[in-house]
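Text of my_file-v4.pdb (PDB, C-alpha atoms) as supplied:
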```pdb
ATOM      1  CA  MET Y1190      20.489 -30.820  -3.949  1.00  0.00           C
ATOM      2  CA  SER Y1191      19.395 -30.496  -7.562  1.00  0.00           C
ATOM      3  CA  ILE Y1192      16.668 -27.906  -8.127  1.00  0.00           C
ATOM      4  CA  GLU Y1193      14.909 -27.337 -11.437  1.00  0.00           C
ATOM      5  CA  ILE Y1194      12.966 -24.111 -12.011  1.00  0.00           C
ATOM      6  CA  ARG Y1195       9.948 -24.346 -14.309  1.00  0.00           C
ATOM      7  CA  LYS Y1196       7.720 -21.533 -15.504  1.00  0.00           C
ATOM      8  CA  LEU Y1197       4.128 -22.167 -14.450  1.00  0.00           C
ATOM      9  CA  THR Y1198       2.054 -23.459 -17.368  1.00  0.00           C
ATOM     10  CA  PRO Y1199      -1.503 -24.817 -17.534  1.00  0.00           C
ATOM     11  CA  GLU Y1200      -0.037 -28.342 -17.680  1.00  0.00           C
ATOM     12  CA  LEU Y1201       1.456 -27.844 -14.206  1.00  0.00           C
ATOM     13  CA  ALA Y1202      -1.828 -26.814 -12.562  1.00  0.00           C
ATOM     14  CA  GLU Y1203      -2.173 -30.030 -10.526  1.00  0.00           C
ATOM     15  CA  ASP Y1204       1.441 -29.804  -9.317  1.00  0.00           C
ATOM     16  CA  TYR Y1205       0.783 -26.211  -8.329  1.00  0.00           C
ATOM     17  CA  VAL Y1206      -2.307 -26.857  -6.208  1.00  0.00           C
ATOM     18  CA  HIS Y1207      -0.765 -29.988  -4.677  1.00  0.00           C
ATOM     19  CA  PHE Y1208       2.165 -27.875  -3.439  1.00  0.00           C
ATOM     20  CA  PHE Y1209      -0.286 -25.582  -1.629  1.00  0.00           C
ATOM     21  CA  ASP Y1210      -2.279 -28.590  -0.395  1.00  0.00           C
ATOM     22  CA  ILE Y1211       0.724 -29.877   1.547  1.00  0.00           C
ATOM     23  CA  THR Y1212       2.765 -26.724   2.277  1.00  0.00           C
ATOM     24  CA  PRO Y1213       1.979 -24.601   5.326  1.00  0.00           C
ATOM     25  CA  HIS Y1214       1.448 -20.902   4.750  1.00  0.00           C
ATOM     26  CA  ASP Y1215       0.721 -18.458   7.552  1.00  0.00           C
ATOM     27  CA  ASP Y1216      -0.008 -21.181  10.072  1.00  0.00           C
ATOM     28  CA  ASN Y1217      -0.884 -24.720   9.113  1.00  0.00           C
ATOM     29  CA  VAL Y1218      -4.627 -24.252   9.491  1.00  0.00           C
ATOM     30  CA  ASP Y1219      -6.596 -25.311   6.443  1.00  0.00           C
ATOM     31  CA  GLU Y1220      -8.696 -22.161   6.120  1.00  0.00           C
ATOM     32  CA  HIS Y1221      -5.506 -20.106   5.689  1.00  0.00           C
ATOM     33  CA  LYS Y1222      -4.361 -21.957   2.562  1.00  0.00           C
ATOM     34  CA  CYS Y1223      -4.175 -19.163   0.024  1.00  0.00           C
ATOM     35  CA  TYR Y1224      -3.244 -20.932  -3.255  1.00  0.00           C
ATOM     36  CA  CYS Y1225      -1.948 -17.451  -4.183  1.00  0.00           C
ATOM     37  CA  VAL Y1226      -5.277 -16.650  -5.866  1.00  0.00           C
ATOM     38  CA  CYS Y1227      -5.326 -13.070  -4.606  1.00  0.00           C
ATOM     39  CA  TRP Y1228      -2.122 -12.258  -6.523  1.00  0.00           C
ATOM     40  CA  SER Y1229      -3.390 -12.802 -10.048  1.00  0.00           C
ATOM     41  CA  ASN Y1230      -4.238 -10.744 -13.092  1.00  0.00           C
ATOM     42  CA  GLU Y1231      -7.923 -11.456 -12.610  1.00  0.00           C
ATOM     43  CA  ASP Y1232     -10.548  -9.060 -11.302  1.00  0.00           C
ATOM     44  CA  TYR Y1233     -11.530 -10.490  -7.908  1.00  0.00           C
ATOM     45  CA  MET Y1234     -15.008  -8.941  -7.778  1.00  0.00           C
ATOM     46  CA  ASN Y1235     -17.789 -11.547  -7.543  1.00  0.00           C
ATOM     47  CA  VAL Y1236     -15.299 -14.394  -6.942  1.00  0.00           C
ATOM     48  CA  ASP Y1237     -15.978 -16.439  -3.803  1.00  0.00           C
ATOM     49  CA  LEU Y1238     -12.647 -17.162  -2.082  1.00  0.00           C
ATOM     50  CA  SER Y1239     -14.143 -17.815   1.346  1.00  0.00           C
ATOM     51  CA  THR Y1240     -12.838 -21.383   1.882  1.00  0.00           C
ATOM     52  CA  ALA Y1241      -9.640 -23.268   1.088  1.00  0.00           C
ATOM     53  CA  GLU Y1242     -11.524 -25.576  -1.283  1.00  0.00           C
ATOM     54  CA  LYS Y1243     -12.992 -22.640  -3.214  1.00  0.00           C
ATOM     55  CA  ARG Y1244      -9.532 -21.057  -3.440  1.00  0.00           C
ATOM     56  CA  ARG Y1245      -8.129 -24.378  -4.658  1.00  0.00           C
ATOM     57  CA  GLN Y1246     -10.737 -24.661  -7.425  1.00  0.00           C
ATOM     58  CA  CYS Y1247     -10.174 -21.036  -8.359  1.00  0.00           C
ATOM     59  CA  ALA Y1248      -6.404 -21.641  -8.478  1.00  0.00           C
ATOM     60  CA  LEU Y1249      -6.851 -24.526 -10.906  1.00  0.00           C
ATOM     61  CA  GLN Y1250      -8.918 -22.290 -13.198  1.00  0.00           C
ATOM     62  CA  TYR Y1251      -6.519 -19.361 -12.863  1.00  0.00           C
ATOM     63  CA  VAL Y1252      -3.434 -21.441 -13.687  1.00  0.00           C
ATOM     64  CA  LYS Y1253      -5.157 -23.003 -16.676  1.00  0.00           C
ATOM     65  CA  GLY Y1254      -6.132 -19.509 -17.866  1.00  0.00           C
ATOM     66  CA  ASN Y1255      -2.684 -17.952 -17.209  1.00  0.00           C
ATOM     67  CA  ASN Y1256      -4.187 -15.621 -14.594  1.00  0.00           C
ATOM     68  CA  ILE Y1257      -1.699 -16.793 -11.973  1.00  0.00           C
ATOM     69  CA  GLN Y1258       1.826 -16.557 -13.319  1.00  0.00           C
ATOM     70  CA  GLY Y1259       5.153 -17.455 -11.836  1.00  0.00           C
ATOM     71  CA  TYR Y1260       7.688 -20.208 -11.308  1.00  0.00           C
ATOM     72  CA  LEU Y1261       7.820 -23.541  -9.524  1.00  0.00           C
ATOM     73  CA  ALA Y1262      10.968 -25.056  -8.023  1.00  0.00           C
ATOM     74  CA  TYR Y1263      11.209 -28.841  -8.292  1.00  0.00           C
ATOM     75  CA  SER Y1264      13.376 -31.258  -6.369  1.00  0.00           C
ATOM     76  CA  GLY Y1265      12.933 -34.417  -8.394  1.00  0.00           C
ATOM     77  CA  ASP Y1266       9.197 -34.737  -9.025  1.00  0.00           C
ATOM     78  CA  ALA Y1267       8.194 -32.709  -5.960  1.00  0.00           C
ATOM     79  CA  VAL Y1268       7.466 -28.970  -5.978  1.00  0.00           C
ATOM     80  CA  VAL Y1269       9.436 -27.344  -3.154  1.00  0.00           C
ATOM     81  CA  GLY Y1270       9.017 -23.662  -3.968  1.00  0.00           C
ATOM     82  CA  TRP Y1271       6.840 -21.074  -5.677  1.00  0.00           C
ATOM     83  CA  CYS Y1272       7.345 -17.496  -6.839  1.00  0.00           C
ATOM     84  CA  ASN Y1273       4.402 -15.400  -8.055  1.00  0.00           C
ATOM     85  CA  ALA Y1274       5.639 -13.061 -10.797  1.00  0.00           C
ATOM     86  CA  ASN Y1275       3.298 -11.206 -13.119  1.00  0.00           C
ATOM     87  CA  THR Y1276       3.102  -8.052 -15.207  1.00  0.00           C
ATOM     88  CA  LYS Y1277       2.515  -5.203 -12.757  1.00  0.00           C
ATOM     89  CA  SER Y1278      -0.017  -3.356 -14.917  1.00  0.00           C
ATOM     90  CA  ASP Y1279      -2.079  -6.547 -15.304  1.00  0.00           C
ATOM     91  CA  CYS Y1280      -2.417  -7.040 -11.549  1.00  0.00           C
ATOM     92  CA  LEU Y1281      -3.702  -3.663 -10.397  1.00  0.00           C
ATOM     93  CA  LYS Y1282      -7.263  -4.985 -10.036  1.00  0.00           C
ATOM     94  CA  CYS Y1283      -6.388  -8.154  -8.128  1.00  0.00           C
ATOM     95  CA  ALA Y1284      -7.651  -8.605  -4.563  1.00  0.00           C
ATOM     96  CA  SER Y1285      -4.321  -8.284  -2.777  1.00  0.00           C
ATOM     97  CA  TRP Y1286      -3.220  -5.284  -4.833  1.00  0.00           C
ATOM     98  CA  GLN Y1287      -6.480  -3.503  -3.996  1.00  0.00           C
ATOM     99  CA  ARG Y1288      -6.073  -4.275  -0.275  1.00  0.00           C
ATOM    100  CA  PHE Y1289      -2.365  -3.915   0.367  1.00  0.00           C
ATOM    101  CA  MET Y1290      -0.485  -2.078  -2.396  1.00  0.00           C
ATOM    102  CA  PHE Y1291      -1.864   1.450  -2.164  1.00  0.00           C
ATOM    103  CA  TYR Y1292       1.619   2.744  -1.288  1.00  0.00           C
ATOM    104  CA  VAL Y1293       3.258   1.483  -4.506  1.00  0.00           C
ATOM    105  CA  PRO Y1294       3.729   4.143  -7.204  1.00  0.00           C
ATOM    106  CA  LEU Y1295       2.322   3.433 -10.650  1.00  0.00           C
ATOM    107  CA  GLU Y1296       3.885   4.264 -13.976  1.00  0.00           C
ATOM    108  CA  GLU Y1297       2.355   7.110 -15.913  1.00  0.00           C
ATOM    109  CA  ALA Y1298       0.010   5.851 -18.609  1.00  0.00           C
ATOM    110  CA  ASN Y1299       1.975   7.629 -21.323  1.00  0.00           C
ATOM    111  CA  GLU Y1300       5.275   6.043 -20.277  1.00  0.00           C
ATOM    112  CA  ASP Y1301       6.220   2.923 -22.181  1.00  0.00           C
ATOM    113  CA  ILE Y1302       7.671   1.068 -19.180  1.00  0.00           C
ATOM    114  CA  LYS Y1303       7.127  -2.653 -18.634  1.00  0.00           C
ATOM    115  CA  VAL Y1304       7.470  -3.858 -15.049  1.00  0.00           C
ATOM    116  CA  LYS Y1305       7.452  -7.466 -13.870  1.00  0.00           C
ATOM    117  CA  SER Y1306       6.295  -7.648 -10.247  1.00  0.00           C
ATOM    118  CA  ILE Y1307       7.178 -10.370  -7.776  1.00  0.00           C
ATOM    119  CA  PHE Y1308       4.411 -10.717  -5.216  1.00  0.00           C
ATOM    120  CA  CYS Y1309       5.105 -13.865  -3.246  1.00  0.00           C
ATOM    121  CA  PHE Y1310       7.571 -16.627  -2.389  1.00  0.00           C
ATOM    122  CA  THR Y1311       6.518 -19.849  -0.707  1.00  0.00           C
ATOM    123  CA  ILE Y1312       9.180 -22.437   0.093  1.00  0.00           C
ATOM    124  CA  ALA Y1313       8.591 -25.870   1.627  1.00  0.00           C
ATOM    125  CA  PRO Y1314       9.623 -25.667   5.321  1.00  0.00           C
ATOM    126  CA  GLU Y1315      12.276 -28.377   5.050  1.00  0.00           C
ATOM    127  CA  LYS Y1316      13.874 -26.578   2.060  1.00  0.00           C
ATOM    128  CA  LYS Y1317      14.098 -23.058   3.479  1.00  0.00           C
ATOM    129  CA  ARG Y1318      17.467 -21.253   3.643  1.00  0.00           C
ATOM    130  CA  GLN Y1319      18.884 -23.433   0.847  1.00  0.00           C
ATOM    131  CA  GLY Y1320      18.904 -20.853  -1.953  1.00  0.00           C
ATOM    132  CA  ILE Y1321      15.666 -21.868  -3.663  1.00  0.00           C
ATOM    133  CA  ALA Y1322      14.141 -18.375  -3.526  1.00  0.00           C
ATOM    134  CA  THR Y1323      17.325 -17.002  -5.090  1.00  0.00           C
ATOM    135  CA  LEU Y1324      17.061 -19.517  -7.957  1.00  0.00           C
ATOM    136  CA  LEU Y1325      13.431 -18.526  -8.493  1.00  0.00           C
ATOM    137  CA  LEU Y1326      14.383 -14.835  -8.462  1.00  0.00           C
ATOM    138  CA  GLU Y1327      17.144 -15.412 -11.017  1.00  0.00           C
ATOM    139  CA  SER Y1328      14.686 -17.162 -13.343  1.00  0.00           C
ATOM    140  CA  VAL Y1329      12.176 -14.319 -13.093  1.00  0.00           C
ATOM    141  CA  CYS Y1330      14.839 -11.710 -13.922  1.00  0.00           C
ATOM    142  CA  LYS Y1331      16.320 -13.723 -16.797  1.00  0.00           C
ATOM    143  CA  ASP Y1332      12.964 -14.361 -18.455  1.00  0.00           C
ATOM    144  CA  ALA Y1333      11.729 -10.805 -17.829  1.00  0.00           C
ATOM    145  CA  ALA Y1334      14.802  -9.432 -19.625  1.00  0.00           C
ATOM    146  CA  GLN Y1335      14.217 -11.798 -22.556  1.00  0.00           C
ATOM    147  CA  ASP Y1336      10.544 -10.793 -22.670  1.00  0.00           C
ATOM    148  CA  GLY Y1337      11.363  -7.082 -22.997  1.00  0.00           C
ATOM    149  CA  PHE Y1338      10.618  -5.880 -19.472  1.00  0.00           C
ATOM    150  CA  ASP Y1339      12.418  -2.759 -18.260  1.00  0.00           C
ATOM    151  CA  PHE Y1340      12.376  -3.583 -14.539  1.00  0.00           C
ATOM    152  CA  VAL Y1341      11.616  -6.294 -12.031  1.00  0.00           C
ATOM    153  CA  GLU Y1342       9.925  -4.826  -8.956  1.00  0.00           C
ATOM    154  CA  VAL Y1343       9.631  -6.388  -5.485  1.00  0.00           C
ATOM    155  CA  TYR Y1344       7.901  -5.482  -2.225  1.00  0.00           C
ATOM    156  CA  PRO Y1345       9.723  -6.781   0.866  1.00  0.00           C
ATOM    157  CA  TYR Y1346       8.269  -5.974   4.237  1.00  0.00           C
ATOM    158  CA  LYS Y1347       9.907  -3.149   6.090  1.00  0.00           C
ATOM    159  CA  GLU Y1348      11.553  -4.410   9.265  1.00  0.00           C
ATOM    160  CA  SER Y1349      14.218  -2.784  11.379  1.00  0.00           C
ATOM    161  CA  SER Y1350      16.801  -5.147   9.927  1.00  0.00           C
ATOM    162  CA  TYR Y1351      15.119  -5.601   6.521  1.00  0.00           C
ATOM    163  CA  GLN Y1352      15.685  -9.316   7.045  1.00  0.00           C
ATOM    164  CA  SER Y1353      12.238 -10.542   7.943  1.00  0.00           C
ATOM    165  CA  SER Y1354       9.739 -11.796   5.390  1.00  0.00           C
ATOM    166  CA  ASN Y1355       6.370 -13.510   5.499  1.00  0.00           C
ATOM    167  CA  PHE Y1356       6.125 -13.965   1.755  1.00  0.00           C
ATOM    168  CA  GLY Y1357       7.566 -10.830   0.130  1.00  0.00           C
ATOM    169  CA  GLY Y1358      11.176 -11.988   0.015  1.00  0.00           C
ATOM    170  CA  HIS Y1359      14.231 -10.766   1.885  1.00  0.00           C
ATOM    171  CA  PHE Y1360      15.900  -7.402   1.420  1.00  0.00           C
ATOM    172  CA  GLU Y1361      19.391  -8.943   1.428  1.00  0.00           C
ATOM    173  CA  MET Y1362      18.485 -11.432  -1.321  1.00  0.00           C
ATOM    174  CA  TYR Y1363      17.250  -8.597  -3.510  1.00  0.00           C
ATOM    175  CA  LYS Y1364      20.249  -6.407  -2.732  1.00  0.00           C
ATOM    176  CA  LYS Y1365      22.661  -9.203  -3.717  1.00  0.00           C
ATOM    177  CA  ALA Y1366      20.720  -9.657  -6.971  1.00  0.00           C
ATOM    178  CA  GLY Y1367      21.187  -5.995  -7.955  1.00  0.00           C
ATOM    179  CA  PHE Y1368      17.926  -4.450  -6.746  1.00  0.00           C
ATOM    180  CA  TYR Y1369      17.861  -0.905  -5.368  1.00  0.00           C
ATOM    181  CA  VAL Y1370      15.335   0.821  -3.114  1.00  0.00           C
ATOM    182  CA  LEU Y1371      12.986   2.880  -5.273  1.00  0.00           C
ATOM    183  CA  LYS Y1372      10.820   4.017  -2.374  1.00  0.00           C
ATOM    184  CA  GLU Y1373      10.672   3.470   1.378  1.00  0.00           C
ATOM    185  CA  THR Y1374       7.301   3.792   3.089  1.00  0.00           C
ATOM    186  CA  GLU Y1375       5.804   2.953   6.454  1.00  0.00           C
ATOM    187  CA  GLN Y1376       4.225  -0.152   4.907  1.00  0.00           C
ATOM    188  CA  GLY Y1377       7.281  -1.534   3.169  1.00  0.00           C
ATOM    189  CA  LEU Y1378       9.949  -1.114   0.550  1.00  0.00           C
ATOM    190  CA  ILE Y1379       9.595  -0.912  -3.208  1.00  0.00           C
ATOM    191  CA  MET Y1380      12.756  -2.233  -4.838  1.00  0.00           C
ATOM    192  CA  ARG Y1381      13.644  -2.467  -8.508  1.00  0.00           C
ATOM    193  CA  LYS Y1382      16.223  -4.060 -10.752  1.00  0.00           C
ATOM    194  CA  LYS Y1383      16.895  -2.409 -14.102  1.00  0.00           C
ATOM    195  CA  LEU Y1384      17.019  -4.960 -16.906  1.00  0.00           C
ATOM    196  CA  LYS Y1385      18.082  -2.835 -19.880  1.00  0.00           C
TER
END
```
Could you write out this file's structure as structure tokens?
Amino acid sequence: MSIEIRKLTPELAEDYVHFFDITPHDDNVDEHKCYCVCWSNEDYMNVDLSTAEKRRQCALQYVKGNNIQGYLAYSGDAVVGWCNANTKSDCLKCASWQRFMFYVPLEEANEDIKVKSIFCFTIAPEKKRQGIATLLLESVCKDAAQDGFDFVEVYPYKESSYQSSNFGGHFEMYKKAGFYVLKETEQGLIMRKKLK
């Protein structure tokens, strides 16, 4: 299987939304299609995300405005995977950060530390467990190092085995890629990889 990883650009907006159109997330009920709009560097206040169609339209705008950032995995012309990766400090006002990330420590304002955060993986069901998330992770880390980031930070769910993941990625994948546990909380793990 040949997989090509491409950084999300405005030109790939239609490919991006089409992937979410056809890929189940949560369960395969239309109103649960997220289009990953709640993990973006855009202030969510006064944005109506109440239906899948509104989230889809918002996603198109966000991708075209570089508010959603990340990487797409292609098999031929078809998108088979997605990884949402953005600058941590740019995402503190996004909807999902405000709702779910209260347990994640923030850098001090006077520290000159750049952190790239990975918020989400979505892989097409028929392509799961084939190494696509690992390829996406490698691309994030490589580009983050080239772009001058100090760390890549991830937020896998805390499970008894650290194996289970809805969208936050798997502990073992991160461990194999050189991530360490920065903090363990009741809500989940914060893991980091030092880039320089």
Using the chain letters and numbers from this file, what does the PyMOL selection byres ((chain Y and resi 1376) around 8) select? Give the answer as number ranges by chain. Y: 1292, 1346-1347, 1374-1375, 1377-1378
Which residue, Y:Gly1337, Y:Gly1270, Y:Gly1367, Y:Pro1199, has the smallest gap to Lys1303 (chain Y) when you use only C-alpha atoms? Y:Gly1337
Carefully work through the PyMOL selection byres ((chain Y and resi 1283) around 7) for this structure and note down the residues it includes, as a list in words. Cys1227, Trp1228, Ser1229, Asn1230, Glu1231, Asp1232, Tyr1233, Cys1280, Leu1281, Lys1282, Ala1284, Ser1285, Trp1286 and Gln1287 of chain Y
Listing only residues of region 1277-1334 of chain Y within 9 Å of region 1254-1269 of chain Y, what is the closest atom pair and its distance in Å (to one decimal) for each, using only C-alpha atoms, sorted by chain and residue number ascending, as a tab-separated table?
```
residue	atom	partner	partner_atom	distance
Y:Ile1307	CA	Y:Gly1259	CA	8.4
Y:Thr1311	CA	Y:Val1269	CA	8.4
Y:Ile1312	CA	Y:Val1269	CA	5.9
Y:Ala1313	CA	Y:Val1269	CA	5.1
Y:Pro1314	CA	Y:Val1269	CA	8.6
Y:Glu1315	CA	Y:Val1269	CA	8.7
Y:Lys1316	CA	Y:Val1269	CA	6.9
Y:Ile1321	CA	Y:Ala1262	CA	7.2
Y:Ala1322	CA	Y:Ala1262	CA	8.7
Y:Leu1324	CA	Y:Ala1262	CA	8.2
Y:Leu1325	CA	Y:Tyr1260	CA	6.6
Y:Ser1328	CA	Y:Tyr1260	CA	7.9
Y:Val1329	CA	Y:Tyr1260	CA	7.6
```
Pick from Y:Gly1358, Y:Leu1384, Y:Pro1345, Y:Leu1201, whichever lies nearest to Val1370 (chain Y) using only C-alpha atoms: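 Of all the options, Y:Pro1345 lies closest to Val1370 (chain Y).
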Evaluate the PyMOL selection byres ((chain Y and resi 1249) around 12) here and jot the selected residues down as a PyMOL selection string. chain Y and resi 1197-1207+1209+1224-1226+1242-1248+1250-1257
I'd like the contact shell of Arg1381 (chain Y) - 9 Å cut-off, only C-alpha atoms, skipping same-chain residues fewer than 3 positions apart - returned as a list in words.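 Non-adjacent residues within range: Phe1340, Val1341, Glu1342, Val1343, Tyr1363, Gly1367, Phe1368, Tyr1369, Val1370 and Leu1371 of chain Y.
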Hey, which of Y:Phe1308, Y:Asp1301, Y:Trp1271, Y:Glu1193 ends up closest to Phe1289 (chain Y)? Count only C-alpha atoms.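 Looking only at the distances to Phe1289 (chain Y), the closest residue turns out to be Y:Phe1308.
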